[in-house]
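Enquirer: For reference, this is entry31.tsv, and it has TSV, C-alpha atoms (C1' of nucleotides).
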```tsv
chain	number	residue	atom	x	y	z
A	153	MET	CA	23.07	31.59	-26.02
A	154	LYS	CA	25.12	29.18	-28.05
A	155	MET	CA	24.70	25.42	-28.26
A	156	THR	CA	28.24	24.26	-27.56
A	157	PRO	CA	28.91	20.51	-27.12
A	158	ALA	CA	29.01	20.78	-23.31
A	159	VAL	CA	25.79	22.77	-23.17
A	160	GLU	CA	24.11	20.27	-25.46
A	161	LYS	CA	25.25	17.38	-23.31
A	162	TYR	CA	23.87	19.09	-20.19
A	163	VAL	CA	20.54	19.88	-21.81
A	164	LEU	CA	20.06	16.40	-23.27
A	165	HIS	CA	20.91	14.75	-19.97
A	166	TRP	CA	18.57	17.00	-18.05
A	167	GLY	CA	15.85	16.08	-20.51
A	168	GLU	CA	16.35	12.37	-19.99
A	169	MET	CA	16.41	12.79	-16.24
A	170	GLY	CA	13.30	14.93	-16.34
A	171	THR	CA	11.19	11.87	-17.02
A	172	ARG	CA	12.51	10.34	-13.79
A	173	TRP	CA	11.87	13.55	-11.91
A	174	GLY	CA	8.21	13.72	-12.73
A	175	THR	CA	8.07	15.92	-15.82
A	176	ASN	CA	8.61	15.33	-19.51
A	177	ARG	CA	11.70	15.71	-21.63
A	178	THR	CA	10.92	19.07	-23.20
A	179	VAL	CA	10.04	20.77	-19.91
A	180	ALA	CA	13.31	19.63	-18.38
A	181	GLN	CA	15.33	20.59	-21.45
A	182	ILE	CA	13.90	24.10	-21.50
A	183	GLN	CA	14.59	24.53	-17.82
A	184	ALA	CA	18.20	23.42	-18.35
A	185	LEU	CA	18.61	25.78	-21.28
A	186	LEU	CA	17.23	28.75	-19.40
A	187	TYR	CA	19.31	27.90	-16.36
A	188	LEU	CA	22.51	27.92	-18.43
A	189	SER	CA	21.65	30.83	-20.68
A	190	PRO	CA	23.48	34.06	-19.77
A	191	GLU	CA	20.49	36.07	-21.00
A	192	PRO	CA	16.70	35.51	-21.08
A	193	LEU	CA	15.44	33.67	-24.17
A	194	ARG	CA	12.38	33.99	-26.40
A	195	ALA	CA	10.15	31.06	-27.26
A	196	ASP	CA	11.26	31.11	-30.88
A	197	GLN	CA	14.91	30.96	-29.84
A	198	ILE	CA	14.15	27.90	-27.74
A	199	VAL	CA	12.42	26.33	-30.75
A	200	ASP	CA	15.62	26.75	-32.78
A	201	LEU	CA	17.99	25.65	-30.04
A	202	LEU	CA	16.05	22.50	-29.10
A	203	SER	CA	14.35	21.70	-32.41
A	204	VAL	CA	10.90	21.17	-30.96
A	205	ALA	CA	7.50	22.47	-32.04
A	206	ARG	CA	6.55	25.99	-31.12
A	207	SER	CA	3.42	24.76	-29.38
A	208	ASN	CA	5.44	22.34	-27.30
A	209	VAL	CA	7.62	25.20	-26.06
A	210	SER	CA	4.56	27.22	-25.23
A	211	THR	CA	3.00	24.46	-23.13
A	212	SER	CA	6.25	23.60	-21.41
A	213	ILE	CA	6.97	27.20	-20.44
A	214	ARG	CA	3.52	27.43	-18.94
A	215	GLU	CA	4.26	24.38	-16.85
A	216	LEU	CA	7.60	25.81	-15.70
A	217	GLN	CA	5.91	29.09	-14.80
A	218	SER	CA	3.27	27.28	-12.80
A	219	TYR	CA	6.09	25.62	-10.83
A	220	ARG	CA	7.63	29.08	-10.31
A	221	LEU	CA	10.88	27.85	-11.82
A	222	VAL	CA	10.71	30.26	-14.75
A	223	ARG	CA	9.50	33.82	-15.04
A	224	MET	CA	8.73	36.17	-17.90
A	225	THR	CA	10.74	39.33	-18.59
A	226	HIS	CA	10.67	41.97	-21.30
A	227	VAL	CA	13.06	44.10	-23.30
A	228	LEU	CA	12.33	47.78	-23.93
A	229	GLY	CA	10.78	48.38	-27.34
A	230	ASP	CA	10.23	44.67	-27.95
A	231	ARG	CA	6.82	43.22	-27.33
A	232	ARG	CA	7.90	39.60	-27.42
A	233	ASP	CA	8.10	37.61	-24.22
A	234	TYR	CA	11.45	36.64	-22.79
A	235	PHE	CA	11.94	33.91	-20.21
A	236	GLU	CA	14.54	33.23	-17.57
A	237	SER	CA	14.99	30.48	-15.01
A	238	LEU	CA	15.78	30.77	-11.34
A	239	HIS	CA	19.55	30.69	-11.10
A	240	ASP	CA	20.09	29.95	-7.43
A	241	VAL	CA	20.46	26.18	-7.21
A	242	TRP	CA	19.17	26.10	-3.64
A	243	GLU	CA	16.09	28.01	-4.65
A	244	LEU	CA	15.59	25.59	-7.52
A	245	PHE	CA	15.90	22.71	-5.10
A	246	ARG	CA	13.41	24.22	-2.69
A	247	VAL	CA	10.85	24.73	-5.41
A	248	ILE	CA	11.28	21.21	-6.74
A	249	ILE	CA	10.94	19.71	-3.26
A	250	GLU	CA	7.79	21.71	-2.74
A	251	GLN	CA	6.35	20.42	-6.02
A	252	ARG	CA	7.21	16.87	-5.13
A	253	LYS	CA	5.62	17.18	-1.75
A	254	GLN	CA	2.42	18.39	-3.31
A	255	ARG	CA	2.30	15.69	-5.94
A	256	GLU	CA	3.80	12.75	-4.12
A	257	LEU	CA	3.18	13.26	-0.43
A	258	ASN	CA	-0.04	15.22	0.00
A	259	PRO	CA	-2.34	12.84	-1.90
A	260	THR	CA	-0.90	9.90	-0.02
A	261	LEU	CA	-1.37	11.68	3.27
A	262	SER	CA	-5.07	12.21	2.70
A	263	MET	CA	-5.53	8.65	1.44
A	264	LEU	CA	-3.83	7.30	4.54
A	265	ARG	CA	-5.99	9.40	6.82
A	266	ASP	CA	-9.15	8.10	5.15
A	267	CYS	CA	-7.79	4.60	5.21
A	268	ALA	CA	-6.76	4.66	8.85
A	269	ALA	CA	-10.20	5.87	9.88
A	270	GLU	CA	-11.97	3.32	7.70
A	271	ILE	CA	-9.88	0.32	8.63
A	272	ASP	CA	-10.62	0.70	12.33
A	273	GLN	CA	-14.25	-0.12	11.57
A	274	GLU	CA	-13.37	-3.32	9.76
A	275	LYS	CA	-13.81	-6.32	12.00
A	276	ASP	CA	-12.33	-8.81	9.56
A	277	THR	CA	-8.98	-7.04	9.26
A	278	ASP	CA	-5.95	-8.40	11.07
A	279	PRO	CA	-4.67	-6.14	13.88
A	280	LEU	CA	-1.19	-6.30	12.34
A	281	THR	CA	-2.52	-4.76	9.14
A	282	LYS	CA	-4.16	-2.00	11.15
A	283	THR	CA	-0.94	-1.06	12.90
A	284	ARG	CA	0.89	-1.10	9.57
A	285	VAL	CA	-1.49	1.50	8.16
A	286	ALA	CA	-1.14	3.54	11.34
A	287	ASN	CA	2.65	3.36	11.16
A	288	MET	CA	2.74	4.46	7.55
A	289	LEU	CA	0.40	7.33	8.30
A	290	GLN	CA	2.56	8.51	11.14
A	291	PHE	CA	5.66	8.29	9.00
A	292	VAL	CA	4.21	10.27	6.13
A	293	GLU	CA	2.87	12.86	8.55
A	294	THR	CA	6.27	13.30	10.16
A	295	THR	CA	8.01	13.57	6.78
A	296	SER	CA	5.46	16.00	5.46
A	297	HIS	CA	5.77	18.22	8.51
A	298	TRP	CA	9.56	18.09	8.33
A	299	TYR	CA	9.49	19.19	4.68
A	300	GLU	CA	7.46	22.26	5.57
A	301	GLU	CA	9.84	23.25	8.32
A	302	ILE	CA	12.92	22.78	6.19
A	303	ASN	CA	11.39	25.06	3.60
A	304	ASP	CA	11.52	27.96	6.03
A	305	ILE	CA	15.21	27.64	6.74
A	306	PRO	CA	17.32	30.22	4.85
A	307	THR	CA	19.77	28.89	2.28
A	308	SER	CA	22.87	29.88	4.21
A	309	THR	CA	21.77	27.91	7.27
A	310	LEU	CA	20.74	24.98	5.13
A	311	THR	CA	24.15	24.69	3.47
A	312	LYS	CA	25.82	24.77	6.86
A	313	LEU	CA	23.50	22.03	8.09
A	314	MET	CA	24.19	19.83	5.10
A	315	LYS	CA	27.92	20.27	5.40
A	316	LEU	CA	27.67	19.05	8.96
A	317	GLY	CA	26.30	15.77	7.63
A	318	LYS	CA	26.18	13.07	10.23
A	319	ARG	CA	28.16	15.13	12.70
A	320	ILE	CA	24.77	16.67	13.36
A	321	THR	CA	24.02	13.68	15.58
A	322	LYS	CA	26.68	14.79	18.04
A	323	LEU	CA	24.80	18.02	18.60
A	324	VAL	CA	21.59	16.21	19.44
A	325	LYS	CA	23.11	14.27	22.31
B	523	MET	CA	-4.75	-11.76	3.74
B	524	LYS	CA	-8.15	-10.40	2.91
B	525	MET	CA	-9.05	-7.66	0.45
B	526	THR	CA	-11.21	-5.42	2.59
B	527	PRO	CA	-12.32	-2.04	1.21
B	528	ALA	CA	-9.66	-0.13	3.16
B	529	VAL	CA	-6.88	-2.48	2.08
B	530	GLU	CA	-8.03	-2.22	-1.51
B	531	LYS	CA	-8.02	1.56	-1.34
B	532	TYR	CA	-4.50	1.54	0.07
B	533	VAL	CA	-3.20	-0.86	-2.56
B	534	LEU	CA	-4.82	0.97	-5.47
B	535	HIS	CA	-3.52	4.32	-4.28
B	536	TRP	CA	-0.02	2.96	-3.80
B	537	GLY	CA	-0.18	1.60	-7.33
B	538	GLU	CA	-1.13	4.96	-8.79
B	539	MET	CA	1.58	6.72	-6.80
B	540	GLY	CA	4.13	4.12	-7.84
B	541	THR	CA	4.24	5.62	-11.31
B	542	ARG	CA	5.23	8.96	-9.76
B	543	TRP	CA	7.82	7.29	-7.59
B	544	GLY	CA	9.73	5.71	-10.44
B	545	THR	CA	8.23	2.25	-10.71
B	546	ASN	CA	5.15	0.83	-12.35
B	547	ARG	CA	1.72	0.19	-10.95
B	548	THR	CA	2.01	-3.54	-10.36
B	549	VAL	CA	5.35	-3.31	-8.54
B	550	ALA	CA	3.94	-0.70	-6.19
B	551	GLN	CA	0.69	-2.61	-5.65
B	552	ILE	CA	2.53	-5.79	-4.74
B	553	GLN	CA	4.76	-3.91	-2.33
B	554	ALA	CA	1.71	-2.37	-0.69
B	555	LEU	CA	-0.01	-5.74	-0.42
B	556	LEU	CA	3.02	-7.42	1.12
B	557	TYR	CA	3.53	-4.51	3.48
B	558	LEU	CA	-0.03	-4.81	4.77
B	559	SER	CA	-0.27	-8.59	4.78
B	560	PRO	CA	0.00	-10.13	8.25
B	561	GLU	CA	1.65	-13.19	6.71
B	562	PRO	CA	3.96	-13.83	3.75
B	563	LEU	CA	2.16	-14.41	0.44
B	564	ARG	CA	2.73	-16.70	-2.53
B	565	ALA	CA	2.86	-15.46	-6.11
B	566	ASP	CA	-0.42	-17.21	-6.95
B	567	GLN	CA	-2.15	-15.54	-4.02
B	568	ILE	CA	-0.99	-12.17	-5.29
B	569	VAL	CA	-2.35	-13.04	-8.74
B	570	ASP	CA	-5.79	-13.63	-7.20
B	571	LEU	CA	-5.73	-10.62	-4.92
B	572	LEU	CA	-4.62	-8.13	-7.57
B	573	SER	CA	-6.03	-9.79	-10.72
B	574	VAL	CA	-2.85	-9.48	-12.76
B	575	ALA	CA	-1.01	-11.99	-14.92
B	576	ARG	CA	1.18	-14.54	-13.21
B	577	SER	CA	4.16	-13.41	-15.30
B	578	ASN	CA	3.65	-9.84	-14.25
B	579	VAL	CA	3.81	-10.85	-10.58
B	580	SER	CA	6.96	-12.80	-11.22
B	581	THR	CA	8.74	-9.88	-12.88
B	582	SER	CA	7.55	-7.39	-10.30
B	583	ILE	CA	8.70	-9.52	-7.38
B	584	ARG	CA	12.11	-9.80	-8.98
B	585	GLU	CA	12.27	-6.04	-9.19
B	586	LEU	CA	11.23	-5.64	-5.56
B	587	GLN	CA	13.83	-8.17	-4.49
B	588	SER	CA	16.52	-6.35	-6.44
B	589	TYR	CA	15.59	-3.21	-4.49
B	590	ARG	CA	15.85	-5.23	-1.25
B	591	LEU	CA	12.29	-4.23	-0.37
B	592	VAL	CA	10.98	-7.79	-0.47
B	593	ARG	CA	12.53	-11.09	0.53
B	594	MET	CA	11.66	-14.74	0.00
B	595	THR	CA	10.66	-17.06	2.83
B	596	HIS	CA	9.51	-20.67	3.04
B	597	VAL	CA	7.08	-22.79	4.99
B	598	LEU	CA	8.11	-26.23	6.28
B	599	GLY	CA	6.93	-29.00	3.96
B	600	ASP	CA	5.90	-26.58	1.23
B	601	ARG	CA	8.20	-26.03	-1.69
B	602	ARG	CA	6.47	-22.94	-2.95
B	603	ASP	CA	8.08	-19.53	-2.50
B	604	TYR	CA	6.56	-17.06	-0.06
B	605	PHE	CA	7.32	-13.36	-0.07
B	606	GLU	CA	7.27	-10.66	2.55
B	607	SER	CA	8.03	-6.96	2.52
B	608	LEU	CA	10.15	-4.96	4.91
B	609	HIS	CA	7.80	-3.77	7.60
B	610	ASP	CA	9.81	-1.01	9.24
B	611	VAL	CA	8.72	2.18	7.50
B	612	TRP	CA	12.03	3.86	8.19
B	613	GLU	CA	13.89	0.99	6.63
B	614	LEU	CA	11.59	1.18	3.63
B	615	PHE	CA	12.30	4.87	3.36
B	616	ARG	CA	16.04	4.34	3.55
B	617	VAL	CA	16.00	1.75	0.80
B	618	ILE	CA	13.85	3.91	-1.45
B	619	ILE	CA	16.10	6.93	-0.93
B	620	GLU	CA	19.10	4.82	-1.78
B	621	GLN	CA	17.43	3.63	-5.00
B	622	ARG	CA	16.55	7.16	-5.95
B	623	LYS	CA	20.05	8.37	-5.34
B	624	GLN	CA	21.41	5.71	-7.62
B	625	ARG	CA	18.96	6.35	-10.39
B	626	GLU	CA	18.45	10.10	-10.15
B	627	LEU	CA	21.57	11.57	-8.59
B	628	ASN	CA	24.53	9.40	-9.58
B	629	PRO	CA	24.10	9.63	-13.37
B	630	THR	CA	23.66	13.39	-13.12
B	631	LEU	CA	26.74	13.67	-10.97
B	632	SER	CA	28.95	11.97	-13.53
B	633	MET	CA	27.42	13.96	-16.38
B	634	LEU	CA	28.09	17.20	-14.52
B	635	ARG	CA	31.69	16.22	-13.85
B	636	ASP	CA	32.28	15.52	-17.53
B	637	CYS	CA	30.48	18.66	-18.48
B	638	ALA	CA	32.34	20.91	-16.07
B	639	ALA	CA	35.69	19.61	-17.34
B	640	GLU	CA	34.65	19.97	-20.97
B	641	ILE	CA	33.12	23.40	-20.73
B	642	ASP	CA	36.28	24.95	-19.36
B	643	GLN	CA	37.97	24.22	-22.71
B	644	GLU	CA	35.25	25.98	-24.67
B	645	LYS	CA	36.32	29.49	-25.60
B	646	ASP	CA	32.96	30.50	-27.05
B	647	THR	CA	30.97	29.79	-23.87
B	648	ASP	CA	29.87	32.67	-21.67
B	649	PRO	CA	31.58	32.78	-18.24
B	650	LEU	CA	28.15	32.95	-16.61
B	651	THR	CA	27.22	29.63	-18.16
B	652	LYS	CA	30.45	28.13	-16.87
B	653	THR	CA	29.77	29.19	-13.30
B	654	ARG	CA	26.22	27.86	-13.57
B	655	VAL	CA	27.52	24.41	-14.44
B	656	ALA	CA	30.05	24.63	-11.61
B	657	ASN	CA	27.36	25.67	-9.14
B	658	MET	CA	25.07	22.83	-10.11
B	659	LEU	CA	27.91	20.35	-9.84
B	660	GLN	CA	28.77	21.57	-6.38
B	661	PHE	CA	25.16	21.37	-5.32
B	662	VAL	CA	24.65	17.82	-6.55
B	663	GLU	CA	27.93	16.77	-4.96
B	664	THR	CA	26.89	18.19	-1.60
B	665	THR	CA	23.47	16.57	-1.78
B	666	SER	CA	24.89	13.23	-2.81
B	667	HIS	CA	27.39	13.26	0.00
B	668	TRP	CA	24.71	14.25	2.50
B	669	TYR	CA	22.50	11.36	1.39
B	670	GLU	CA	25.28	8.88	2.07
B	671	GLU	CA	25.88	10.25	5.52
B	672	ILE	CA	22.21	10.26	6.45
B	673	ASN	CA	22.01	6.63	5.44
B	674	ASP	CA	24.39	5.68	8.23
B	675	ILE	CA	22.36	7.30	10.98
B	676	PRO	CA	20.32	4.77	12.99
B	677	THR	CA	16.54	5.05	12.81
B	678	SER	CA	16.09	6.15	16.41
B	679	THR	CA	18.47	9.10	15.96
B	680	LEU	CA	16.86	9.98	12.66
B	681	THR	CA	13.37	10.19	14.12
B	682	LYS	CA	14.66	12.43	16.89
B	683	LEU	CA	16.32	14.68	14.34
B	684	MET	CA	13.20	14.96	12.23
B	685	LYS	CA	11.05	15.76	15.21
B	686	LEU	CA	13.37	18.64	15.98
B	687	GLY	CA	12.48	20.12	12.60
B	688	LYS	CA	13.68	23.67	12.25
B	689	ARG	CA	14.61	23.91	15.90
B	690	ILE	CA	17.74	22.15	14.68
B	691	THR	CA	19.02	25.53	13.53
B	692	LYS	CA	19.25	26.72	17.11
B	693	LEU	CA	21.75	23.97	17.83
B	694	VAL	CA	23.96	25.00	14.96
B	695	LYS	CA	24.45	28.52	16.28
C	1292	DC	C1'	13.35	-41.27	-15.06
C	1293	DT	C1'	9.00	-39.02	-15.63
C	1294	DC	C1'	5.21	-36.65	-13.75
C	1295	DT	C1'	3.63	-32.72	-11.45
C	1296	DT	C1'	3.89	-28.27	-9.88
C	1297	DG	C1'	5.72	-23.93	-9.94
C	1298	DT	C1'	8.52	-20.16	-12.30
C	1299	DT	C1'	10.40	-17.37	-16.04
C	1300	DT	C1'	10.89	-15.59	-20.66
C	1301	DC	C1'	9.36	-13.21	-24.53
C	1302	DA	C1'	6.68	-11.80	-28.59
C	1303	DG	C1'	2.65	-9.42	-29.32
C	1304	DT	C1'	-1.02	-6.21	-27.54
C	1305	DT	C1'	-2.64	-2.41	-25.09
C	1306	DA	C1'	-2.51	1.91	-22.54
C	1307	DT	C1'	-0.45	6.24	-21.54
C	1308	DG	C1'	1.23	10.43	-22.35
C	1309	DA	C1'	4.37	13.44	-25.15
C	1310	DC	C1'	4.77	15.94	-29.49
C	1311	DT	C1'	3.40	18.05	-33.88
C	1312	DG	C1'	1.22	21.35	-36.92
C	1313	DA	C1'	-2.75	23.61	-38.51
C	1314	DA	C1'	-6.30	26.55	-37.04
C	1315	DA	C1'	-8.04	29.76	-33.69
C	1316	DT	C1'	-7.09	33.38	-30.63
C	1317	DT	C1'	-5.01	37.41	-28.68
C	1318	DA	C1'	-2.54	41.66	-28.77
C	1319	DT	C1'	-0.22	45.69	-30.68
C	1320	DA	C1'	0.91	49.16	-34.23
C	1321	DG	C1'	-0.52	52.18	-37.55
D	74	DC	C1'	-10.67	49.42	-37.62
D	75	DT	C1'	-7.47	46.62	-40.13
D	76	DA	C1'	-3.21	44.48	-40.73
D	77	DT	C1'	0.45	42.16	-38.72
D	78	DA	C1'	2.86	39.46	-35.47
D	79	DA	C1'	2.97	36.43	-31.67
D	80	DT	C1'	0.87	32.92	-28.82
D	81	DT	C1'	-2.21	29.13	-27.53
D	82	DT	C1'	-5.33	25.32	-28.24
D	83	DC	C1'	-6.41	20.89	-29.71
D	84	DA	C1'	-7.17	16.84	-32.58
D	85	DG	C1'	-4.43	13.47	-34.44
D	86	DT	C1'	0.12	10.95	-34.59
D	87	DC	C1'	3.85	8.81	-32.58
D	88	DA	C1'	6.88	6.77	-28.89
D	89	DT	C1'	7.38	4.45	-24.70
D	90	DA	C1'	6.65	1.24	-21.39
D	91	DA	C1'	3.47	-1.89	-18.92
D	92	DC	C1'	0.88	-6.09	-19.24
D	93	DT	C1'	-0.79	-10.53	-21.00
D	94	DG	C1'	-0.65	-15.38	-22.10
D	95	DA	C1'	1.45	-19.08	-24.30
D	96	DA	C1'	5.48	-21.69	-24.41
D	97	DA	C1'	9.84	-22.95	-22.43
D	98	DC	C1'	12.19	-23.99	-18.43
D	99	DA	C1'	13.36	-25.73	-13.62
D	100	DA	C1'	13.01	-28.51	-9.60
D	101	DG	C1'	11.20	-31.74	-6.33
D	102	DA	C1'	8.32	-36.18	-5.50
D	103	DG	C1'	7.55	-40.73	-6.30
```
Please rewrite the model in this file as structure tokens.

Expert:
Amino acid sequence: MKMTPAVEKYVLHWGEMGTRWGTNRTVAQIQALLYLSPEPLRADQIVDLLSVARSNVSTSIRELQSYRLVRMTHVLGDRRDYFESLHDVWELFRVIIEQRKQRELNPTLSMLRDCAAEIDQEKDTDPLTKTRVANMLQFVETTSHWYEEINDIPTSTLTKLMKLGKRITKLVK
Amino acid sequence: MKMTPAVEKYVLHWGEMGTRWGTNRTVAQIQALLYLSPEPLRADQIVDLLSVARSNVSTSIRELQSYRLVRMTHVLGDRRDYFESLHDVWELFRVIIEQRKQRELNPTLSMLRDCAAEIDQEKDTDPLTKTRVANMLQFVETTSHWYEEINDIPTSTLTKLMKLGKRITKLVK
DNA sequence: CTCTTGTTTCAGTTATGACTGAAATTATAG
DNA sequence: CTATAATTTCAGTCATAACTGAAACAAGAG
């Protein structure tokens, strides 16, 4: 793996975006690097390529492994750990969506359920407010359910669906 | 508007989630409050209800207005500004998706275009790396385009589509 | 015009979370 | 079992961004 100007630009951008996507810079940079790298990389190589602390790489790789975005491999006769990223962009997407659902949707869903149950008991709450909570709950439930279903669809079908775009509406009629 | 326990729980949760959704706590809390409120609220009412600084409310409302999530209204014979949120959850969703596209997808799209053009010139970059950049670019382009198309679909059609879930694949065949 | 009421700006403070580097831990080879 | 090499943990530092409150600014009423 060589840090050419284009690769560097990609990695740095991914790092900046990472903060908007719910992780930190280093995690996103490492993911980008491993995605682009033609061969698996060792932690110490990542340290050199990104100029970050060894410990930071260690923690970040753990996080990426926990997301199932990165896995460990080995080379015969070498006891050091090598790491590689998923390379299928659709798989990457799927995994990221799944993560987001768990961190952004699921907690809200359970809050809304509690809230909806609780608010019905409240006599001093405006009926409009009650329906608003109910509406939001229903929306998040629908979205959450939809996510799960989409996850099951194979990549090839998914690409076809997306290419259809809004022409999909014609099929529904 | 009254701060009952259930409303408070909703607002606090929304605030916490806000940080994961790309804004800050106060912005998200105010949006939640206005969403739930049966009537439009004034800035000073929000200050009391949320116990935050007047200036913070002012800045946050500006942000919400710039996202088109909140709009200003007035009461006859009262020169103070009142604010109300969008109340249609699907509309809210649409606006938020649009914001996210602009902040998370568009910058990446232009970076990838630059990168893809630049990396072709590099003689010392592995072909595998080059195809990876190309694949990611294509993916982000497809997603971005899909977003735009989905935005045009009316709410009623969209709900029908989502309720179909993965049965949609049967239609495609 | 000036008083009152409401709004915004901005410098300083505070809170949050990422990052470092030294020390502790784990694992393998001999 | 000991020496060596690699990895992880964690306390402390640093960077970022939200929040406050005082002061400046607007706009309508009389």

Enquirer: Please measure the separation of CA of Lys688 in chain B and CA of Phe245 in chain A, giving the value in Å to one decimal.

Expert: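 Going from CA of Lys688 in chain B over to CA of Phe245 in chain A, I get 17.5 Å.
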
Enquirer: Measuring atom to atom with only C-alpha atoms (C1' of nucleotides), identify which of C:DT1298, C:DC1310, C:DG1321, C:DA1315 is nearest to chain A.

Expert: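 For chain A, the nearest of the given residues is C:DC1310.
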
Enquirer: Do you have, as a tab-separated table, the list of residues of range 181-265 of chain A lying at most 9 Å from range 269-292 of chain A, each with its nearest atom pair and that distance in Å to one decimal, counting all atoms listed in the file and ordered by chain then number?

Expert:
```
residue	atom	partner	partner_atom	distance
A:Leu257	CA	A:Val292	CA	7.3
A:Asn258	CA	A:Val292	CA	9.0
A:Thr260	CA	A:Val292	CA	8.0
A:Leu261	CA	A:Val292	CA	6.4
A:Leu264	CA	A:Leu289	CA	5.7
A:Arg265	CA	A:Ala269	CA	6.3
```

Enquirer: Suppose you want the space between CA of Leu185 in chain A and CA of Thr211 in chain A; what is it in Å?

Expert: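 Separation of CA of Leu185 in chain A and CA of Thr211 in chain A: 15.8 Å.
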
Enquirer: Considering all atoms listed in the file, return as a PyMOL selection string whatever protein or nucleic-acid residues lie within 12 Å of DT1295 in chain C, sequence-local ones (same chain, fewer than 4 positions apart) excluded.

Expert: chain D and resi 100-103

Enquirer: Write out as an mmCIF file with C-alpha atoms (C1' of nucleotides), keeping the file's coordinate frame which residues come within 8 Å of DT81 in chain D when counting all atoms listed in the file, dropping same-chain ones fewer than 6 positions away.

Expert:
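The resulting out14.cif:
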```cif
data_model
loop_
_atom_site.group_PDB
_atom_site.id
_atom_site.type_symbol
_atom_site.label_atom_id
_atom_site.label_comp_id
_atom_site.auth_asym_id
_atom_site.auth_seq_id
_atom_site.Cartn_x
_atom_site.Cartn_y
_atom_site.Cartn_z
ATOM 1 C CA SER A 207 3.420 24.760 -29.380
ATOM 2 C CA SER A 210 4.560 27.220 -25.230
ATOM 3 C "C1'" DT C 1316 -7.090 33.380 -30.630
#
```

Enquirer: If the cut-off is 12 Å, can you tell me the residues of chain C near chain B, counting only C-alpha atoms (C1' of nucleotides)? I'd like them as a list in words.

Expert: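 Using only C-alpha atoms (C1' of nucleotides), chain C residues at most 12 Å from chain B: DT1296, DG1297, DT1298, DT1299, DT1300, DC1301 and DT1307 of chain C.
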
Enquirer: Kindly determine which residues of chain B lie within 12 Å of chain D, considering only C-alpha atoms (C1' of nucleotides), and give the answer as a short mmCIF file (atom, residue, chain, number, x, y, z; two decimals) with C-alpha atoms, in the frame of the given file.

Expert:
```cif
data_model
loop_
_atom_site.label_atom_id
_atom_site.label_comp_id
_atom_site.auth_asym_id
_atom_site.auth_seq_id
_atom_site.Cartn_x
_atom_site.Cartn_y
_atom_site.Cartn_z
CA THR B 541 4.24 5.62 -11.31
CA THR B 545 8.23 2.25 -10.71
CA ASN B 546 5.15 0.83 -12.35
CA ARG B 547 1.72 0.19 -10.95
CA THR B 548 2.01 -3.54 -10.36
CA VAL B 549 5.35 -3.31 -8.54
CA SER B 573 -6.03 -9.79 -10.72
CA VAL B 574 -2.85 -9.48 -12.76
CA ALA B 575 -1.01 -11.99 -14.92
CA ARG B 576 1.18 -14.54 -13.21
CA SER B 577 4.16 -13.41 -15.30
CA ASN B 578 3.65 -9.84 -14.25
CA VAL B 579 3.81 -10.85 -10.58
CA THR B 581 8.74 -9.88 -12.88
CA SER B 582 7.55 -7.39 -10.30
CA GLY B 599 6.93 -29.00 3.96
CA ASP B 600 5.90 -26.58 1.23
CA ARG B 601 8.20 -26.03 -1.69
CA ARG B 602 6.47 -22.94 -2.95
#
```

Enquirer: Enclose range 1296-1311 of chain C, meaning all of its atoms listed in the file, in a box aligned along x, y and z, pad it by 8 Å on each side, and list the centre and edge lengths in Å to one decimal, as lines of an AutoDock Vina configuration file.

Expert:
```
center_x = 4.1
center_y = -5.1
center_z = -21.9
size_x = 29.5
size_y = 62.3
size_z = 40.0
```

Enquirer: What lies within 12 Å of Lys623 in chain B using only C-alpha atoms (C1' of nucleotides), ignoring chain neighbours under 3 positions off, as an MDAnalysis selection string?

Expert: (chainID A and resid 172:173) or (chainID B and resid 544 616:620 626:631 662:663 665:670 673)

Enquirer: With distances taken over all atoms listed in the file, which of B:Leu534, B:Ile690, B:Leu558, B:Ile568 is nearest to chain A?

Expert: B:Leu558
